[in-house]
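A.B. asks: Got a file for you: data-v9.txt, compact mmCIF, C-alpha atoms.
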```txt
# COMPACT_ATOMS: atom_id res chain seq x y z
CA MET M 1 0.02 -27.02 14.00
CA GLU M 2 3.65 -27.64 14.89
CA ALA M 3 4.66 -26.70 18.39
CA ILE M 4 7.31 -24.21 17.33
CA VAL M 5 4.92 -22.41 15.00
CA SER M 6 2.29 -22.16 17.74
CA ALA M 7 4.80 -20.90 20.28
CA ALA M 8 6.26 -18.35 17.90
CA SER M 9 2.81 -17.11 16.87
CA VAL M 10 1.73 -16.62 20.45
CA ILE M 11 4.87 -14.69 21.35
CA ALA M 12 4.59 -12.62 18.17
CA ALA M 13 0.94 -11.82 18.84
CA GLY M 14 1.71 -10.61 22.33
CA LEU M 15 4.65 -8.52 21.17
CA ALA M 16 2.66 -7.08 18.25
CA VAL M 17 -0.09 -5.57 20.31
CA GLY M 18 2.11 -4.68 23.26
CA LEU M 19 4.69 -2.77 21.27
CA ALA M 20 2.04 -1.19 19.06
CA ALA M 21 0.45 0.44 22.06
CA ILE M 22 3.55 2.38 23.14
CA GLY M 23 3.87 5.01 20.40
CA PRO M 24 0.21 5.96 20.06
CA GLY M 25 -0.08 6.05 23.84
CA ILE M 26 2.62 8.69 24.05
CA GLY M 27 1.20 10.54 21.05
CA GLN M 28 -2.33 10.62 22.38
CA GLY M 29 -1.17 11.83 25.75
CA SER M 30 0.76 14.64 24.12
CA ALA M 31 -2.20 15.59 21.91
CA ALA M 32 -4.58 15.65 24.85
CA ALA M 33 -2.14 17.75 26.89
CA ASN M 34 -1.88 20.35 24.17
CA ALA M 35 -5.64 20.34 23.67
CA VAL M 36 -6.23 20.98 27.37
CA GLU M 37 -3.68 23.80 27.31
CA GLY M 38 -5.42 25.36 24.30
CA LEU M 39 -8.73 25.02 26.09
CA ALA M 40 -7.36 26.72 29.17
CA ARG M 41 -6.13 29.63 27.07
CA GLN M 42 -9.36 30.09 25.16
CA PRO M 43 -12.40 28.38 26.61
CA GLU M 44 -14.69 29.69 23.84
CA ALA M 45 -12.96 27.45 21.30
CA GLU M 46 -14.10 24.34 23.13
CA GLY M 47 -16.20 22.93 20.27
CA LYS M 48 -13.44 23.15 17.69
CA ILE M 49 -10.75 21.92 20.05
CA ARG M 50 -12.84 18.94 21.09
CA GLY M 51 -13.63 18.04 17.50
CA THR M 52 -10.02 18.26 16.37
CA LEU M 53 -8.84 16.35 19.42
CA LEU M 54 -11.24 13.46 18.82
CA LEU M 55 -10.30 13.24 15.17
CA SER M 56 -6.59 13.18 15.98
CA LEU M 57 -7.06 10.59 18.72
CA ALA M 58 -8.85 8.30 16.28
CA PHE M 59 -5.98 8.54 13.81
CA MET M 60 -3.45 7.61 16.45
CA GLU M 61 -5.68 4.83 17.72
CA SER M 62 -5.67 3.22 14.33
CA LEU M 63 -1.92 2.54 14.61
CA THR M 64 -2.53 0.40 17.68
CA ILE M 65 -5.40 -1.28 15.88
CA TYR M 66 -3.03 -2.33 13.10
CA GLY M 67 -1.00 -4.16 15.75
CA LEU M 68 -4.16 -5.78 17.06
CA VAL M 69 -5.10 -6.94 13.57
CA VAL M 70 -1.71 -8.62 13.17
CA ALA M 71 -2.14 -10.30 16.56
CA LEU M 72 -5.65 -11.48 15.71
CA SER M 73 -4.63 -12.85 12.36
CA LEU M 74 -1.72 -14.73 13.96
CA LEU M 75 -4.02 -16.30 16.52
CA PHE M 76 -7.08 -17.04 14.41
CA ALA M 77 -6.13 -16.98 10.75
CA ASN M 78 -2.54 -18.12 10.93
CA PRO M 79 -1.05 -18.65 7.45
CA PHE M 80 1.66 -20.93 8.83
CA ALA M 81 -0.68 -23.36 10.54
CA GLY M 82 -0.54 -26.98 9.45
CA MET Y 1 -15.18 -20.56 23.79
CA ILE Y 2 -14.76 -17.53 21.56
CA GLU Y 3 -13.96 -18.02 17.92
CA VAL Y 4 -13.28 -15.41 15.30
CA GLY Y 5 -13.91 -15.74 11.62
CA THR Y 6 -16.45 -18.51 11.12
CA HIS Y 7 -18.94 -17.53 8.45
CA TRP Y 8 -22.17 -18.91 7.10
CA ASN Y 9 -21.05 -19.73 3.60
CA TRP Y 10 -23.43 -19.42 0.71
CA THR Y 11 -22.67 -20.37 -2.86
CA ILE Y 12 -24.92 -18.61 -5.36
CA ALA Y 13 -24.28 -19.29 -9.03
CA GLY Y 14 -20.70 -20.29 -8.31
CA VAL Y 15 -19.92 -17.21 -6.23
CA HIS Y 16 -18.88 -17.82 -2.62
CA LEU Y 17 -20.51 -15.39 -0.19
CA HIS Y 18 -20.58 -14.79 3.53
CA GLY Y 19 -24.28 -15.13 4.13
CA GLN Y 20 -24.52 -13.55 7.53
CA VAL Y 21 -22.79 -10.36 6.33
CA LEU Y 22 -25.29 -10.04 3.49
CA LEU Y 23 -28.24 -10.49 5.84
CA GLU Y 24 -26.93 -7.86 8.23
CA SER Y 25 -26.17 -5.43 5.41
CA TRP Y 26 -29.70 -5.83 4.05
CA LEU Y 27 -31.01 -5.05 7.51
CA VAL Y 28 -28.91 -1.87 7.65
CA ILE Y 29 -30.07 -0.83 4.19
CA SER Y 30 -33.72 -1.40 5.05
CA ILE Y 31 -33.39 0.55 8.32
CA LEU Y 32 -31.87 3.48 6.45
CA LEU Y 33 -34.50 3.34 3.72
CA VAL Y 34 -37.42 3.19 6.16
CA LEU Y 35 -36.04 6.05 8.25
CA SER Y 36 -35.45 8.23 5.18
CA TRP Y 37 -38.88 7.48 3.82
CA LYS Y 38 -40.56 8.30 7.11
CA ALA Y 39 -38.60 11.52 7.50
CA THR Y 40 -39.49 12.82 4.07
CA SER Y 41 -43.05 11.56 3.71
CA SER Y 42 -44.83 14.74 4.82
CA LEU Y 43 -42.43 17.62 4.73
CA THR Y 44 -43.27 20.76 6.68
CA LEU Y 45 -41.43 24.05 6.56
CA ILE Y 46 -40.83 24.02 10.31
CA PRO Y 47 -39.50 20.52 10.97
CA LYS Y 48 -40.76 18.40 13.83
CA GLY Y 49 -39.92 14.95 15.08
CA ILE Y 50 -38.10 12.66 12.72
CA GLN Y 51 -37.85 15.31 10.00
CA ASN Y 52 -35.99 17.50 12.48
CA LEU Y 53 -33.54 14.70 13.24
CA ALA Y 54 -33.03 14.02 9.54
CA GLU Y 55 -32.36 17.71 8.85
CA TYR Y 56 -29.80 17.78 11.67
CA VAL Y 57 -28.04 14.73 10.26
CA VAL Y 58 -28.04 16.13 6.72
CA GLU Y 59 -26.68 19.46 7.94
CA PHE Y 60 -23.90 17.66 9.79
CA LEU Y 61 -22.95 15.64 6.72
CA VAL Y 62 -23.07 18.61 4.36
CA ASP Y 63 -20.75 20.37 6.80
CA ILE Y 64 -18.26 17.50 6.64
CA ALA Y 65 -18.32 17.51 2.83
CA LYS Y 66 -18.07 21.28 2.59
CA SER Y 67 -15.18 21.63 5.00
CA GLN Y 68 -13.10 18.88 3.36
CA ILE Y 69 -13.93 19.27 -0.33
CA GLY Y 70 -14.28 23.05 -0.47
CA SER Y 71 -17.32 25.15 -1.20
CA LYS Y 72 -17.04 24.93 -4.99
CA HIS Y 73 -17.43 21.21 -5.71
CA TYR Y 74 -18.92 19.72 -2.59
CA GLN Y 75 -22.54 19.51 -3.75
CA SER Y 76 -22.20 16.46 -5.99
CA TRP Y 77 -20.27 14.51 -3.36
CA VAL Y 78 -22.60 14.98 -0.39
CA SER Y 79 -24.62 11.84 -1.18
CA PHE Y 80 -21.52 9.61 -1.41
CA ILE Y 81 -20.04 10.88 1.84
CA SER Y 82 -23.41 10.63 3.59
CA THR Y 83 -23.89 7.06 2.41
CA LEU Y 84 -20.50 6.06 3.75
CA PHE Y 85 -21.12 7.69 7.10
CA LEU Y 86 -24.68 6.42 7.56
CA PHE Y 87 -23.96 2.86 6.43
CA ILE Y 88 -20.94 2.51 8.71
CA PHE Y 89 -22.67 4.24 11.64
CA VAL Y 90 -25.84 2.16 11.47
CA SER Y 91 -23.86 -1.07 10.87
CA ASN Y 92 -21.67 -0.53 13.91
CA TRP Y 93 -24.56 0.45 16.13
CA ILE Y 94 -26.82 -2.46 15.18
CA GLY Y 95 -23.83 -4.75 15.72
CA ALA Y 96 -23.57 -3.50 19.27
CA LEU Y 97 -27.22 -2.97 20.22
CA ILE Y 98 -29.38 -5.72 18.73
CA PRO Y 99 -29.52 -9.04 20.68
CA TRP Y 100 -28.30 -11.20 17.82
CA LYS Y 101 -27.75 -14.23 19.99
CA LEU Y 102 -31.46 -15.03 19.85
CA ILE Y 103 -31.17 -16.00 16.18
CA HIS Y 104 -29.28 -19.24 15.52
CA LEU Y 105 -27.45 -19.69 12.25
CA PRO Y 106 -26.15 -23.02 10.91
CA SER Y 107 -22.59 -21.72 11.25
CA GLY Y 108 -21.14 -18.46 12.42
CA GLU Y 109 -23.25 -15.80 14.06
CA LEU Y 110 -24.82 -12.44 13.32
CA ALA Y 111 -22.97 -9.25 14.28
CA ALA Y 112 -22.04 -5.96 12.63
CA PRO Y 113 -21.49 -6.31 8.87
CA THR Y 114 -18.33 -4.28 9.21
CA ASN Y 115 -16.64 -6.99 11.26
CA ASP Y 116 -15.85 -8.76 7.98
CA ILE Y 117 -12.75 -7.45 6.23
CA ASN Y 118 -14.53 -7.84 2.89
CA THR Y 119 -17.08 -5.15 3.77
CA THR Y 120 -14.50 -2.64 4.89
CA VAL Y 121 -12.21 -3.32 1.94
CA ALA Y 122 -15.19 -2.82 -0.38
CA LEU Y 123 -15.95 0.54 1.20
CA ALA Y 124 -12.29 1.56 1.03
CA LEU Y 125 -11.97 0.55 -2.63
CA LEU Y 126 -15.14 2.52 -3.39
CA THR Y 127 -13.49 5.54 -1.82
CA SER Y 128 -10.32 4.95 -3.84
CA GLY Y 129 -12.35 4.72 -7.02
CA ALA Y 130 -14.24 7.85 -6.03
CA TYR Y 131 -11.20 10.01 -5.61
CA PHE Y 132 -9.63 8.74 -8.81
CA TYR Y 133 -12.89 9.45 -10.62
CA ALA Y 134 -13.05 12.94 -9.10
CA GLY Y 135 -9.50 13.76 -10.10
CA ILE Y 136 -9.70 12.41 -13.63
CA LYS Y 137 -13.11 13.95 -14.28
CA SER Y 138 -12.04 17.41 -13.20
CA LYS Y 139 -8.53 17.46 -14.61
CA GLY Y 140 -8.31 14.74 -17.24
CA VAL Y 141 -4.86 13.30 -17.82
CA ARG Y 142 -3.28 16.30 -16.08
CA TYR Y 143 -4.43 14.66 -12.83
CA PHE Y 144 -1.36 12.41 -12.97
CA ALA Y 145 0.88 15.47 -12.77
CA ARG Y 146 0.00 15.39 -9.09
CA TYR Y 147 2.34 12.43 -8.64
CA VAL Y 148 5.44 14.38 -9.57
CA SER Y 149 4.62 17.60 -7.77
CA PRO Y 150 6.25 19.34 -5.97
CA THR Y 151 9.37 17.28 -6.87
CA PRO Y 152 9.70 14.04 -8.90
CA ILE Y 153 11.66 12.49 -6.04
CA LEU Y 154 8.35 12.04 -4.25
CA LEU Y 155 6.97 9.84 -7.04
CA PRO Y 156 7.42 6.47 -5.26
CA ILE Y 157 5.92 7.88 -2.08
CA ASN Y 158 2.90 9.23 -3.93
CA ILE Y 159 2.35 5.92 -5.69
CA LEU Y 160 2.68 4.10 -2.36
CA GLU Y 161 0.12 6.47 -0.90
CA ASP Y 162 -2.43 5.22 -3.41
CA PHE Y 163 -2.08 1.78 -1.90
CA THR Y 164 -1.86 2.74 1.74
CA LYS Y 165 -4.93 4.97 1.66
CA PRO Y 166 -7.48 2.19 1.08
CA LEU Y 167 -5.44 -0.19 3.22
CA SER Y 168 -5.45 2.09 6.22
CA LEU Y 169 -9.13 3.02 5.77
CA SER Y 170 -10.23 -0.60 5.67
CA PHE Y 171 -8.00 -1.82 8.49
CA ARG Y 172 -8.87 1.05 10.78
CA LEU Y 173 -12.59 0.34 10.53
CA PHE Y 174 -12.25 -3.45 10.59
CA GLY Y 175 -9.82 -3.41 13.51
CA ASN Y 176 -11.99 -1.10 15.58
CA VAL Y 177 -15.16 -3.11 15.07
CA VAL Y 178 -13.53 -6.51 15.67
CA ALA Y 179 -11.65 -5.19 18.70
CA ASP Y 180 -14.88 -3.88 20.24
CA GLU Y 181 -16.66 -7.17 19.65
CA LEU Y 182 -13.78 -9.24 21.00
CA VAL Y 183 -13.43 -7.19 24.16
CA VAL Y 184 -17.16 -7.38 24.83
CA SER Y 185 -17.22 -11.14 24.25
CA VAL Y 186 -14.18 -11.76 26.45
CA PHE Y 187 -15.65 -9.67 29.27
CA THR Y 188 -19.01 -11.39 28.89
CA MET Y 189 -17.30 -14.75 29.12
CA LEU Y 190 -15.49 -13.72 32.29
CA VAL Y 191 -18.10 -11.64 34.15
CA PRO Y 192 -21.51 -11.68 32.44
CA ILE Y 193 -23.12 -9.08 34.76
CA LEU Y 194 -22.48 -5.32 34.64
CA VAL Y 195 -18.77 -5.36 33.82
CA PRO Y 196 -19.20 -5.48 30.01
CA LEU Y 197 -21.48 -2.41 30.09
CA PRO Y 198 -18.85 0.37 30.19
CA VAL Y 199 -16.96 -1.42 27.45
CA MET Y 200 -20.10 -1.66 25.33
CA ILE Y 201 -20.73 2.06 25.75
CA LEU Y 202 -17.12 2.79 24.84
CA GLY Y 203 -17.62 0.56 21.81
CA LEU Y 204 -20.68 2.56 20.71
CA PHE Y 205 -18.77 5.80 21.07
CA ALA Y 206 -15.64 4.55 19.32
CA SER Y 207 -17.57 3.04 16.43
CA SER Y 208 -19.46 6.27 15.77
CA ILE Y 209 -16.15 8.13 15.77
CA GLN Y 210 -14.86 5.59 13.24
CA ALA Y 211 -17.82 6.26 10.95
CA LEU Y 212 -17.04 9.97 11.17
CA ILE Y 213 -13.34 9.35 10.50
CA PHE Y 214 -14.06 7.20 7.46
CA ALA Y 215 -16.41 9.78 5.96
CA THR Y 216 -14.08 12.68 6.77
CA LEU Y 217 -11.06 10.94 5.29
CA ALA Y 218 -13.00 9.97 2.15
CA ALA Y 219 -14.05 13.60 1.74
CA ALA Y 220 -10.47 14.76 2.37
CA TYR Y 221 -9.09 12.43 -0.31
CA ILE Y 222 -11.71 13.61 -2.79
CA GLY Y 223 -10.96 17.22 -1.90
CA GLU Y 224 -7.26 16.60 -2.33
CA ALA Y 225 -7.85 15.10 -5.79
CA LEU Y 226 -10.02 18.02 -6.79
CA GLU Y 227 -7.86 20.86 -5.59
CA GLU Y 228 -6.40 23.07 -8.26
CA ALA Y 229 -2.85 24.42 -8.17
CA HIS Y 230 -0.56 23.57 -5.30
```
In structure tokens, what does this structure look like?

C.D. replies:
Amino acid sequence: MEAIVSAASVIAAGLAVGLAAIGPGIGQGSAAANAVEGLARQPEAEGKIRGTLLLSLAFMESLTIYGLVVALSLLFANPFAG
Amino acid sequence: MIEVGTHWNWTIAGVHLHGQVLLESWLVISILLVLSWKATSSLTLIPKGIQNLAEYVVEFLVDIAKSQIGSKHYQSWVSFISTLFLFIFVSNWIGALIPWKLIHLPSGELAAPTNDINTTVALALLTSGAYFYAGIKSKGVRYFARYVSPTPILLPINILEDFTKPLSLSFRLFGNVVADELVVSVFTMLVPILVPLPVMILGLFASSIQALIFATLAAAYIGEALEEAH
């Protein structure tokens, strides 16, 4: 693989996963904060709050995973190689 | 050295297949079949042992279907949703728990069948087909009126949604499984004792959540296709 393509792919892979972790990180923190507040107000709703929180966290996680998939495909299945 | 994406290629009757994914999927299917057969072989009114576990699982899955699809139409979709959940759950867990390294393949290695994008895309396309089938069967051609409601301006977004739904389903599952496996393999390469364990437990937890997410989203899409007036 040409040197410039390798270098660019490596930088792009790092940026992809690094930047993709910012938004969902903030979102998940905010969701967890609101869930804990709801739990403090009404401890009997723990089951429902926990279930909804986990589901929402998984949705936000998937956005970071998209970034990881781009990074992995750049490193291991690079369409510009060769 | 860690490598991603080498497969054991089979060619059967001109069709190119990833052999190790087929072997793992057959293992998952046989595990599910044996467990279901054992749980239902001598049914008692008050369940004990494996029948109790099976009833708990079925109740959980019926609850997912009922809460997403609505109490009128959920009955016929319970088996589809349960199959999705159980296949993905058992695949992810055998990928993480069974010591595959003991079996040597000519090329590539055994792991969870869902770490191949083909498996997850197949499951996502099945879900797409299922919600189209649900919508067209219950509403006929009027199903396509959904694309222009509430306003026709949303037509391109609704059409785009039909492509992003299977895309996001497949990538979410694939990315989670491959990420778990990669992190465990990198940690094992660096510190083979004790340090990979918390990550493996996190991987088990995250992959079961992903099975639940996939099944819940599939049920939600089917419910959305089946719902009557806006």

A.B. asks: Using CA of Ile2 (chain Y) and CA of Tyr66 (chain M) as the two end points, give the distance in Å to one decimal.

C.D. replies: 21.0 Å

A.B. asks: How many Å separate CA of Gly108 (chain Y) from CA of Trp8 (chain Y)?

C.D. replies: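 A separation of 5.4 Å between them.
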
A.B. asks: Counting all atoms listed in the file, which residue out of M:Gly23, M:Gln42, M:Glu37, M:Leu55 sits closest to chain Y?

C.D. replies: M:Leu55

A.B. asks: How close does chain M get to chain Y? List, as CSV, each residue of chain M within 9 Å, its nearest atom pair and the distance in Å to one decimal, counting only C-alpha atoms.

C.D. replies:
```
residue,atom,partner,partner_atom,distance
M:Leu54,CA,Y:Ile209,CA,7.9
M:Leu55,CA,Y:Ile213,CA,6.8
M:Ala58,CA,Y:Gln210,CA,7.3
M:Phe59,CA,Y:Ile213,CA,8.1
M:Glu61,CA,Y:Arg172,CA,8.5
M:Ser62,CA,Y:Arg172,CA,5.2
M:Leu63,CA,Y:Arg172,CA,8.1
M:Ile65,CA,Y:Gly175,CA,5.4
M:Tyr66,CA,Y:Phe171,CA,6.8
M:Leu68,CA,Y:Gly175,CA,7.1
M:Val69,CA,Y:Gly175,CA,5.9
M:Leu72,CA,Y:Val4,CA,8.6
M:Phe76,CA,Y:Val4,CA,6.5
M:Ala77,CA,Y:Gly5,CA,7.9
```

A.B. asks: Box for region 68-71 of chain M: with edges along x, y and z, all listed atoms inside and 6 Å added on each side, what are the centre and edge lengths in Å to one decimal, as AutoDock Vina command-line options?

C.D. replies:
```
--center_x -3.4 --center_y -8.0 --center_z 15.1 --size_x 15.4 --size_y 16.5 --size_z 15.9
```

A.B. asks: At what distance in Å, to one decimal, does CA of Gly19 (chain Y) lie from CA of Pro106 (chain Y)?

C.D. replies: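 Spanning CA of Pro106 (chain Y) to CA of Gly19 (chain Y) is a straight-line distance of 10.6 Å.
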
A.B. asks: Within 10 Å of (-6.6, 0.8, 3.4) in the file's own coordinates, which protein, DNA or RNA residues have an atom, counting all atoms listed in the file? List them as a PDB file with C-alpha atoms, in the coordinates of the input.

C.D. replies:
```pdb
ATOM      1  CA  THR Y 120     -14.500  -2.640   4.890  1.00  0.00           C
ATOM      2  CA  VAL Y 121     -12.210  -3.320   1.940  1.00  0.00           C
ATOM      3  CA  LEU Y 123     -15.950   0.540   1.200  1.00  0.00           C
ATOM      4  CA  ALA Y 124     -12.290   1.560   1.030  1.00  0.00           C
ATOM      5  CA  LEU Y 125     -11.970   0.550  -2.630  1.00  0.00           C
ATOM      6  CA  THR Y 127     -13.490   5.540  -1.820  1.00  0.00           C
ATOM      7  CA  SER Y 128     -10.320   4.950  -3.840  1.00  0.00           C
ATOM      8  CA  GLU Y 161       0.120   6.470  -0.900  1.00  0.00           C
ATOM      9  CA  ASP Y 162      -2.430   5.220  -3.410  1.00  0.00           C
ATOM     10  CA  PHE Y 163      -2.080   1.780  -1.900  1.00  0.00           C
ATOM     11  CA  THR Y 164      -1.860   2.740   1.740  1.00  0.00           C
ATOM     12  CA  LYS Y 165      -4.930   4.970   1.660  1.00  0.00           C
ATOM     13  CA  PRO Y 166      -7.480   2.190   1.080  1.00  0.00           C
ATOM     14  CA  LEU Y 167      -5.440  -0.190   3.220  1.00  0.00           C
ATOM     15  CA  SER Y 168      -5.450   2.090   6.220  1.00  0.00           C
ATOM     16  CA  LEU Y 169      -9.130   3.020   5.770  1.00  0.00           C
ATOM     17  CA  SER Y 170     -10.230  -0.600   5.670  1.00  0.00           C
ATOM     18  CA  PHE Y 171      -8.000  -1.820   8.490  1.00  0.00           C
ATOM     19  CA  ARG Y 172      -8.870   1.050  10.780  1.00  0.00           C
ATOM     20  CA  LEU Y 173     -12.590   0.340  10.530  1.00  0.00           C
TER      21      LEU Y 173
END
```

A.B. asks: Considering only C-alpha atoms, can you say which of M:Ala13, M:Ala8, M:Ala21, M:Leu57 comes closest to Ala33 (chain M)?

C.D. replies: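 Among M:Ala13, M:Ala8, M:Ala21, M:Leu57, it is M:Leu57 that comes nearest to Ala33 (chain M).
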
A.B. asks: What lies within 10 Å of Leu110 (chain Y) using all atoms listed in the file, ignoring chain neighbours under 6 positions off, as a PDB file with C-alpha atoms, keeping the file's coordinate frame?

C.D. replies:
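The result, written out as result_26.pdb:
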```
ATOM      1  CA  HIS Y   7     -18.940 -17.530   8.450  1.00  0.00           C
ATOM      2  CA  TRP Y   8     -22.170 -18.910   7.100  1.00  0.00           C
ATOM      3  CA  GLY Y  19     -24.280 -15.130   4.130  1.00  0.00           C
ATOM      4  CA  GLN Y  20     -24.520 -13.550   7.530  1.00  0.00           C
ATOM      5  CA  VAL Y  21     -22.790 -10.360   6.330  1.00  0.00           C
ATOM      6  CA  LEU Y  23     -28.240 -10.490   5.840  1.00  0.00           C
ATOM      7  CA  GLU Y  24     -26.930  -7.860   8.230  1.00  0.00           C
ATOM      8  CA  GLY Y  95     -23.830  -4.750  15.720  1.00  0.00           C
ATOM      9  CA  ILE Y  98     -29.380  -5.720  18.730  1.00  0.00           C
ATOM     10  CA  PRO Y  99     -29.520  -9.040  20.680  1.00  0.00           C
ATOM     11  CA  TRP Y 100     -28.300 -11.200  17.820  1.00  0.00           C
ATOM     12  CA  LYS Y 101     -27.750 -14.230  19.990  1.00  0.00           C
ATOM     13  CA  LEU Y 102     -31.460 -15.030  19.850  1.00  0.00           C
ATOM     14  CA  ILE Y 103     -31.170 -16.000  16.180  1.00  0.00           C
ATOM     15  CA  HIS Y 104     -29.280 -19.240  15.520  1.00  0.00           C
TER      16      HIS Y 104
END
```

A.B. asks: Is it possible to get the residues within 12 Å of (-13.9, 22.7, 21.2) (coordinates as in the file, counting all atoms listed in the file) written as a list in words?

C.D. replies: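 Nearby residues: Ala35, Val36, Glu37, Gly38, Leu39, Ala40, Arg41, Gln42, Pro43, Glu44, Ala45, Glu46, Gly47, Lys48, Ile49, Arg50, Gly51, Thr52, Leu53, Leu54 and Leu55 of chain M.
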
A.B. asks: Next, write the just-selected residues to a file, as a short mmCIF file (atom, residue, chain, number, x, y, z; two decimals), keeping the file's coordinate frame, keeping C-alpha atoms as the atom set.

C.D. replies:
```
data_model
loop_
_atom_site.label_atom_id
_atom_site.label_comp_id
_atom_site.auth_asym_id
_atom_site.auth_seq_id
_atom_site.Cartn_x
_atom_site.Cartn_y
_atom_site.Cartn_z
CA ALA M 35 -5.64 20.34 23.67
CA VAL M 36 -6.23 20.98 27.37
CA GLU M 37 -3.68 23.80 27.31
CA GLY M 38 -5.42 25.36 24.30
CA LEU M 39 -8.73 25.02 26.09
CA ALA M 40 -7.36 26.72 29.17
CA ARG M 41 -6.13 29.63 27.07
CA GLN M 42 -9.36 30.09 25.16
CA PRO M 43 -12.40 28.38 26.61
CA GLU M 44 -14.69 29.69 23.84
CA ALA M 45 -12.96 27.45 21.30
CA GLU M 46 -14.10 24.34 23.13
CA GLY M 47 -16.20 22.93 20.27
CA LYS M 48 -13.44 23.15 17.69
CA ILE M 49 -10.75 21.92 20.05
CA ARG M 50 -12.84 18.94 21.09
CA GLY M 51 -13.63 18.04 17.50
CA THR M 52 -10.02 18.26 16.37
CA LEU M 53 -8.84 16.35 19.42
CA LEU M 54 -11.24 13.46 18.82
CA LEU M 55 -10.30 13.24 15.17
#
```

A.B. asks: Find the residues around Val186 (chain Y) up to 9 Å (only C-alpha atoms counted), leave out those fewer than 5 positions away in its own chain, and share them as an NGL selection string.

C.D. replies: :Y and (2 or 181 or 191 or 196)

A.B. asks: Choose the residue, out of M:Val17, M:Ile26, M:Ala31, M:Met60, that has the smallest atom-to-atom separation from Leu74 (chain M); count all atoms listed in the file.

C.D. replies: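 Residue with the minimum atom-to-atom distance to Leu74 (chain M): M:Val17.
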
A.B. asks: Restricting the calculation to all atoms listed in the file: of Y:Ala218, Y:Leu154, Y:Leu226, Y:Leu197, which residue gets closest to Ser82 (chain Y)?

C.D. replies: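 The answer is Y:Ala218, which sits nearest to Ser82 (chain Y).
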
A.B. asks: Can you tell me, as a PDB file with C-alpha atoms, in the frame of the given file, what residues are no more than 9 Å from Ser9 (chain M) when counting all atoms listed in the file, ignoring any on the same chain fewer than 4 positions away?

C.D. replies:
```pdb
ATOM      1  CA  ILE M   4       7.310 -24.210  17.330  1.00  0.00           C
ATOM      2  CA  VAL M   5       4.920 -22.410  15.000  1.00  0.00           C
ATOM      3  CA  ALA M  13       0.940 -11.820  18.840  1.00  0.00           C
ATOM      4  CA  GLY M  14       1.710 -10.610  22.330  1.00  0.00           C
ATOM      5  CA  ALA M  71      -2.140 -10.300  16.560  1.00  0.00           C
ATOM      6  CA  LEU M  74      -1.720 -14.730  13.960  1.00  0.00           C
ATOM      7  CA  LEU M  75      -4.020 -16.300  16.520  1.00  0.00           C
ATOM      8  CA  ASN M  78      -2.540 -18.120  10.930  1.00  0.00           C
ATOM      9  CA  PHE M  80       1.660 -20.930   8.830  1.00  0.00           C
TER      10      PHE M  80
END
```

A.B. asks: Would you kindly return, as a PDB file with C-alpha atoms, in the coordinates of the input, each protein, DNA or RNA residue with an atom no farther than 12 Å from any atom of Val195 (chain Y), considering all atoms listed in the file and excluding same-chain residues fewer than 5 positions away?

C.D. replies:
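Output file out_27.pdb follows:
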```pdb
ATOM      1  CA  VAL Y 183     -13.430  -7.190  24.160  1.00  0.00           C
ATOM      2  CA  VAL Y 184     -17.160  -7.380  24.830  1.00  0.00           C
ATOM      3  CA  SER Y 185     -17.220 -11.140  24.250  1.00  0.00           C
ATOM      4  CA  VAL Y 186     -14.180 -11.760  26.450  1.00  0.00           C
ATOM      5  CA  PHE Y 187     -15.650  -9.670  29.270  1.00  0.00           C
ATOM      6  CA  THR Y 188     -19.010 -11.390  28.890  1.00  0.00           C
ATOM      7  CA  MET Y 189     -17.300 -14.750  29.120  1.00  0.00           C
ATOM      8  CA  LEU Y 190     -15.490 -13.720  32.290  1.00  0.00           C
ATOM      9  CA  MET Y 200     -20.100  -1.660  25.330  1.00  0.00           C
ATOM     10  CA  ILE Y 201     -20.730   2.060  25.750  1.00  0.00           C
TER      11      ILE Y 201
END
```

A.B. asks: Residues near Ile69 (chain Y), anyone? I mean within 9 Å using all atoms listed in the file, not counting same-chain ones fewer than 3 positions away, as a ChimeraX atom specification.

C.D. replies: /Y:64-66,72-74,77,219-224,226-227

A.B. asks: With distances taken over all atoms listed in the file, which residue among M:Ala32, M:Pro79, M:Gly67, M:Ser73 lies nearest Ala20 (chain M)?

C.D. replies: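 Selected residue with least distance to Ala20 (chain M): M:Gly67.
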